[in-house]
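A.B. asks: This is the structure, below, for whatever I ask next.
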Amino acid sequence: MKLPSLLSILLFFIIAGQSLHSQAAVGQPAQNFTIPDTTGTLFTLDDFSDKIVLLTFFASWCVPCIQEAPLLEDSIWQHYPQDDVNVLSISVQDSIWQIDNFVNNTGITYPILRDRDGSLFADYGFSNYPVNLILGRDGIVEYLAGGFDIAVFREVIDSLRAIPTGIQDDNAPLENLASFQLIGPYPNPFNGAVNIQFRLNAPANVTLSVYDITGQSIINLNENYNSGLHNFPVNMLDHASGIYIFKITDGRATRFGRFILQK
């Protein structure tokens, strides 16, 4: 039996390592790509680095993909300013005829790119359709899931745009936003603790609510604070890695933020 050469073994581990490294994960940079649309125009992901991007992989024959497309059109593509939020839809192993038929049946107008041989889909580590990723302006994957939930997409995108989400109470008094300042969330990658830091201009009772990516409230804390700089320590040891949205209010002003927990 002929033994594999040292060169063959090295090449195997290099290729395998590249494949594993390229698989998408929340909190990691999305793999760059350059692929064409149906007219042959090339699109490069890095060209959208200053925008929030909803990246969706689909196949023309996939029933959930057909259901998702009009919702992406109406609730994401047409809802947000396109100089700030973009939708890039990647068709996997479809012909131009199949893509054109998909567009005609769904009425979508956002860009459709062609992963002609499915290699990009494989490089991202996916196997089922549809798959949706939301990338921040820095190209980091903030959300990744199979299937689709438009309400969650909107919450994540709104949090990335630093505007109130659907989690916000309708009666939040937005006219007094100067009553306190949110400094930022500081996740600790070693023990799952998160410190949410804020500055109060006057003594106040402060409430913190933390939501998972589905919008479900998982933590509620309430404390009285004097004016000055404070921390809200949040124990996330019992919660999985992922993106979380939080709301902090002193009864007069409300701030929203997000943090990525990576254990």
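Residue numbering restarts at 1 in every chain; chains get A, B, ... in the order shown in the structure tokens, and ligands count up from 1 in that same order.
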Would you kindly return, as a PyMOL selection string, each protein, DNA or RNA residue with an atom no farther than 9 Å from any atom of Lys247 of chain A, considering only C-alpha atoms and excluding same-chain residues fewer than 3 positions away?
C.D. replies: chain A and resi 167-168+207-211+254-258
A.B. asks: Export, as a PDB file, in the first residue's frame, the selected residues with N, CA and C atoms.
C.D. replies:
ATOM      1  N   ILE A 167     -39.398  46.405  20.524  1.00  0.00           N
ATOM      2  CA  ILE A 167     -39.427  46.083  21.947  1.00  0.00           C
ATOM      3  C   ILE A 167     -39.824  47.299  22.772  1.00  0.00           C
ATOM      4  N   GLN A 168     -39.605  48.476  22.216  1.00  0.00           N
ATOM      5  CA  GLN A 168     -39.826  49.708  22.981  1.00  0.00           C
ATOM      6  C   GLN A 168     -41.292  49.901  23.354  1.00  0.00           C
ATOM      7  N   THR A 207     -34.252  50.783  35.274  1.00  0.00           N
ATOM      8  CA  THR A 207     -34.673  49.426  34.942  1.00  0.00           C
ATOM      9  C   THR A 207     -33.930  48.953  33.706  1.00  0.00           C
ATOM     10  N   LEU A 208     -33.430  47.721  33.762  1.00  0.00           N
ATOM     11  CA  LEU A 208     -32.743  47.111  32.635  1.00  0.00           C
ATOM     12  C   LEU A 208     -33.477  45.844  32.232  1.00  0.00           C
ATOM     13  N   SER A 209     -33.777  45.710  30.937  1.00  0.00           N
ATOM     14  CA  SER A 209     -34.378  44.493  30.393  1.00  0.00           C
ATOM     15  C   SER A 209     -33.484  43.977  29.274  1.00  0.00           C
ATOM     16  N   VAL A 210     -33.205  42.675  29.297  1.00  0.00           N
ATOM     17  CA  VAL A 210     -32.387  42.044  28.267  1.00  0.00           C
ATOM     18  C   VAL A 210     -33.258  41.055  27.503  1.00  0.00           C
ATOM     19  N   TYR A 211     -33.147  41.074  26.163  1.00  0.00           N
ATOM     20  CA  TYR A 211     -33.964  40.231  25.291  1.00  0.00           C
ATOM     21  C   TYR A 211     -33.050  39.352  24.441  1.00  0.00           C
ATOM     22  N   THR A 254     -35.242  56.409  27.463  1.00  0.00           N
ATOM     23  CA  THR A 254     -35.009  55.001  27.175  1.00  0.00           C
ATOM     24  C   THR A 254     -33.843  54.884  26.199  1.00  0.00           C
ATOM     25  N   ARG A 255     -32.942  53.966  26.482  1.00  0.00           N
ATOM     26  CA  ARG A 255     -31.846  53.681  25.568  1.00  0.00           C
ATOM     27  C   ARG A 255     -31.876  52.206  25.194  1.00  0.00           C
ATOM     28  N   PHE A 256     -31.517  51.926  23.938  1.00  0.00           N
ATOM     29  CA  PHE A 256     -31.411  50.561  23.461  1.00  0.00           C
ATOM     30  C   PHE A 256     -29.966  50.275  23.067  1.00  0.00           C
ATOM     31  N   GLY A 257     -29.570  49.052  23.186  1.00  0.00           N
ATOM     32  CA  GLY A 257     -28.241  48.640  22.758  1.00  0.00           C
ATOM     33  C   GLY A 257     -28.221  47.154  22.487  1.00  0.00           C
ATOM     34  N   ARG A 258     -27.053  46.652  22.168  1.00  0.00           N
ATOM     35  CA  ARG A 258     -26.893  45.229  21.896  1.00  0.00           C
ATOM     36  C   ARG A 258     -25.498  44.819  22.346  1.00  0.00           C
TER      37      ARG A 258
END
A.B. asks: Can you pull out the residues contacting Pro111 of chain A? Cut-off 8 Å, using only C-alpha atoms, and skip same-chain residues under 5 positions away; I want them as a list in words.
C.D. replies: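 That gives Asp37, Val87, Leu88 and Ser89 of chain A.
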A.B. asks: Using only C-alpha atoms, please write the residues we just selected to a file, as a PDB file, in the first residue's frame.
C.D. replies:
ATOM      1  CA  ASP A  37     -25.796  38.918 -10.822  1.00  0.00           C
ATOM      2  CA  VAL A  87     -30.440  43.108   0.908  1.00  0.00           C
ATOM      3  CA  LEU A  88     -28.195  40.767  -1.070  1.00  0.00           C
ATOM      4  CA  SER A  89     -29.896  37.569  -2.144  1.00  0.00           C
TER       5      SER A  89
END
A.B. asks: Find the residues around segment 152-160 of chain A up to 10 Å (only C-alpha atoms counted), leave out those fewer than 3 positions away in its own chain, and share them as a ChimeraX atom specification.
C.D. replies: /A:52-54,72,75-76,79-80,85,132-137,142-143,148-149,163-167,212-215,243-246,256-258
A.B. asks: Nearest residue to Thr41 of chain A out of A:Gln78, A:Ala69, A:Ile112, A:Ser95, using only C-alpha atoms?
C.D. replies: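 Closest to Thr41 of chain A of all the choices is A:Ile112.
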A.B. asks: With DSSP run on the backbone, what are the alpha helix (DSSP H) residues within segment 34-234 of chain A? I'd like them as a PyMOL selection string.
C.D. replies: chain A and resi 63-72+96-106+119-123+150-160
A.B. asks: Among segment 9-171 of chain A, which residues does DSSP mark as strand (DSSP E) when it is run on the backbone? Keep the chain and numbering as in the structure and answer as a PyMOL selection string.
C.D. replies: chain A and resi 34-36+42-44+52-58+85-92+112-115+131-135+141-146
A.B. asks: Keeping only C-alpha atoms, write those residues as a PDB file, in the first residue's frame.
C.D. replies:
ATOM      1  CA  THR A  34     -17.154  38.464  -5.599  1.00  0.00           C
ATOM      2  CA  ILE A  35     -19.942  36.887  -7.664  1.00  0.00           C
ATOM      3  CA  PRO A  36     -22.138  38.069 -10.561  1.00  0.00           C
ATOM      4  CA  LEU A  42     -19.914  41.582 -10.287  1.00  0.00           C
ATOM      5  CA  PHE A  43     -20.804  42.285  -6.661  1.00  0.00           C
ATOM      6  CA  THR A  44     -18.175  42.250  -3.900  1.00  0.00           C
ATOM      7  CA  ILE A  52     -25.915  46.985   7.215  1.00  0.00           C
ATOM      8  CA  VAL A  53     -26.462  43.956   4.980  1.00  0.00           C
ATOM      9  CA  LEU A  54     -29.092  41.238   5.144  1.00  0.00           C
ATOM     10  CA  LEU A  55     -27.496  38.364   3.251  1.00  0.00           C
ATOM     11  CA  THR A  56     -29.838  35.551   2.259  1.00  0.00           C
ATOM     12  CA  PHE A  57     -29.036  32.268   0.511  1.00  0.00           C
ATOM     13  CA  PHE A  58     -31.904  30.638  -1.375  1.00  0.00           C
ATOM     14  CA  VAL A  85     -29.474  48.898   4.735  1.00  0.00           C
ATOM     15  CA  ASN A  86     -29.032  46.518   1.809  1.00  0.00           C
ATOM     16  CA  VAL A  87     -30.440  43.108   0.908  1.00  0.00           C
ATOM     17  CA  LEU A  88     -28.195  40.767  -1.070  1.00  0.00           C
ATOM     18  CA  SER A  89     -29.896  37.569  -2.144  1.00  0.00           C
ATOM     19  CA  ILE A  90     -27.692  34.713  -3.356  1.00  0.00           C
ATOM     20  CA  SER A  91     -29.218  32.069  -5.591  1.00  0.00           C
ATOM     21  CA  VAL A  92     -27.486  28.709  -5.228  1.00  0.00           C
ATOM     22  CA  ILE A 112     -29.970  38.586  -6.791  1.00  0.00           C
ATOM     23  CA  LEU A 113     -26.471  37.176  -7.164  1.00  0.00           C
ATOM     24  CA  ARG A 114     -25.484  33.790  -8.582  1.00  0.00           C
ATOM     25  CA  ASP A 115     -23.551  31.159  -6.672  1.00  0.00           C
ATOM     26  CA  VAL A 131     -30.261  30.908   5.418  1.00  0.00           C
ATOM     27  CA  ASN A 132     -30.180  34.542   6.548  1.00  0.00           C
ATOM     28  CA  LEU A 133     -27.309  36.565   7.966  1.00  0.00           C
ATOM     29  CA  ILE A 134     -27.321  40.170   9.132  1.00  0.00           C
ATOM     30  CA  LEU A 135     -23.970  41.934   8.938  1.00  0.00           C
ATOM     31  CA  VAL A 141     -22.081  38.599  11.498  1.00  0.00           C
ATOM     32  CA  GLU A 142     -24.604  39.857  14.051  1.00  0.00           C
ATOM     33  CA  TYR A 143     -27.355  37.316  13.308  1.00  0.00           C
ATOM     34  CA  LEU A 144     -27.431  33.947  11.558  1.00  0.00           C
ATOM     35  CA  ALA A 145     -30.308  31.493  11.292  1.00  0.00           C
ATOM     36  CA  GLY A 146     -31.981  29.013   8.998  1.00  0.00           C
TER      37      GLY A 146
END
A.B. asks: Show which residues sit within 12 Å of Asn101 of chain A, as a list in words. Count only C-alpha atoms, and ignore same-chain residues fewer than 6 positions away.
C.D. replies: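 My reading of the contact set: Ala59, Ser60, Trp61, Ile66, Asp94, Ser95, Gly107 and Ile108 of chain A.
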A.B. asks: Output C-alpha atoms for every residue in the selection just made, as a short mmCIF file (atom, residue, chain, number, x, y, z; two decimals), in the first residue's frame.
C.D. replies:
data_model
loop_
_atom_site.label_atom_id
_atom_site.label_comp_id
_atom_site.auth_asym_id
_atom_site.auth_seq_id
_atom_site.Cartn_x
_atom_site.Cartn_y
_atom_site.Cartn_z
CA ALA A 59 -32.87 28.23 -4.14
CA SER A 60 -35.65 28.92 -6.63
CA TRP A 61 -37.44 25.63 -5.88
CA ILE A 66 -40.61 31.75 -2.14
CA ASP A 94 -30.02 28.09 -10.21
CA SER A 95 -30.04 28.92 -13.90
CA GLY A 107 -42.16 40.56 -7.45
CA ILE A 108 -38.84 41.30 -5.75
#
A.B. asks: Between atom CA of Ile196 of chain A and atom CA of Leu229 of chain A, measure the distance and give it in Å to one decimal.
C.D. replies: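 Interatomic distance, atom CA of Ile196 of chain A to atom CA of Leu229 of chain A: 10.8 Å.
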A.B. asks: With only C-alpha atoms as the basis for distance, which of A:Leu45, A:Tyr124, A:Ile150, A:Gln31 is at the shortest distance from Glu73 of chain A?
C.D. replies: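 For Glu73 of chain A, the nearest of the candidates is A:Ile150.
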A.B. asks: Interatomic distance between atom CA of Asp123 of chain A and atom CA of Ala25 of chain A?
C.D. replies: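 Here the two named atoms are 12.1 Å from each other.
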A.B. asks: Just checking: using only C-alpha atoms, which residue out of A:Thr106, A:Asn224, A:Asp238, A:Asp100 ends up closest to Asp74 of chain A?
C.D. replies: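 So, comparing all the options, the nearest one is A:Thr106.
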A.B. asks: Could you check the closest approach to Asn226 of chain A for each of A:Cys62, A:Ile248, A:Leu200, A:Ala30 and tell me which residue wins, using only C-alpha atoms?
C.D. replies: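 Of A:Cys62, A:Ile248, A:Leu200, A:Ala30, the one nearest Asn226 of chain A is A:Leu200, counting only C-alpha atoms.
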A.B. asks: Tell me which of A:Asn188, A:Asn104, A:Thr38, A:Gln262 sits closest to Val26 of chain A, counting only C-alpha atoms.
C.D. replies: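 Closest to Val26 of chain A of all the choices is A:Gln262.
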A.B. asks: For the atom pair atom CA of Gly125 of chain A and atom CA of Trp77 of chain A, what is the interatomic distance in Å to one decimal place?
C.D. replies: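 Computing the Euclidean distance for atom CA of Gly125 of chain A and atom CA of Trp77 of chain A yields 25.6 Å.
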A.B. asks: Using only C-alpha atoms, which residue out of A:Ser119, A:Asn231, A:Asn128, A:Gln67 lies closest to Phe198 of chain A?
C.D. replies: A:Asn231
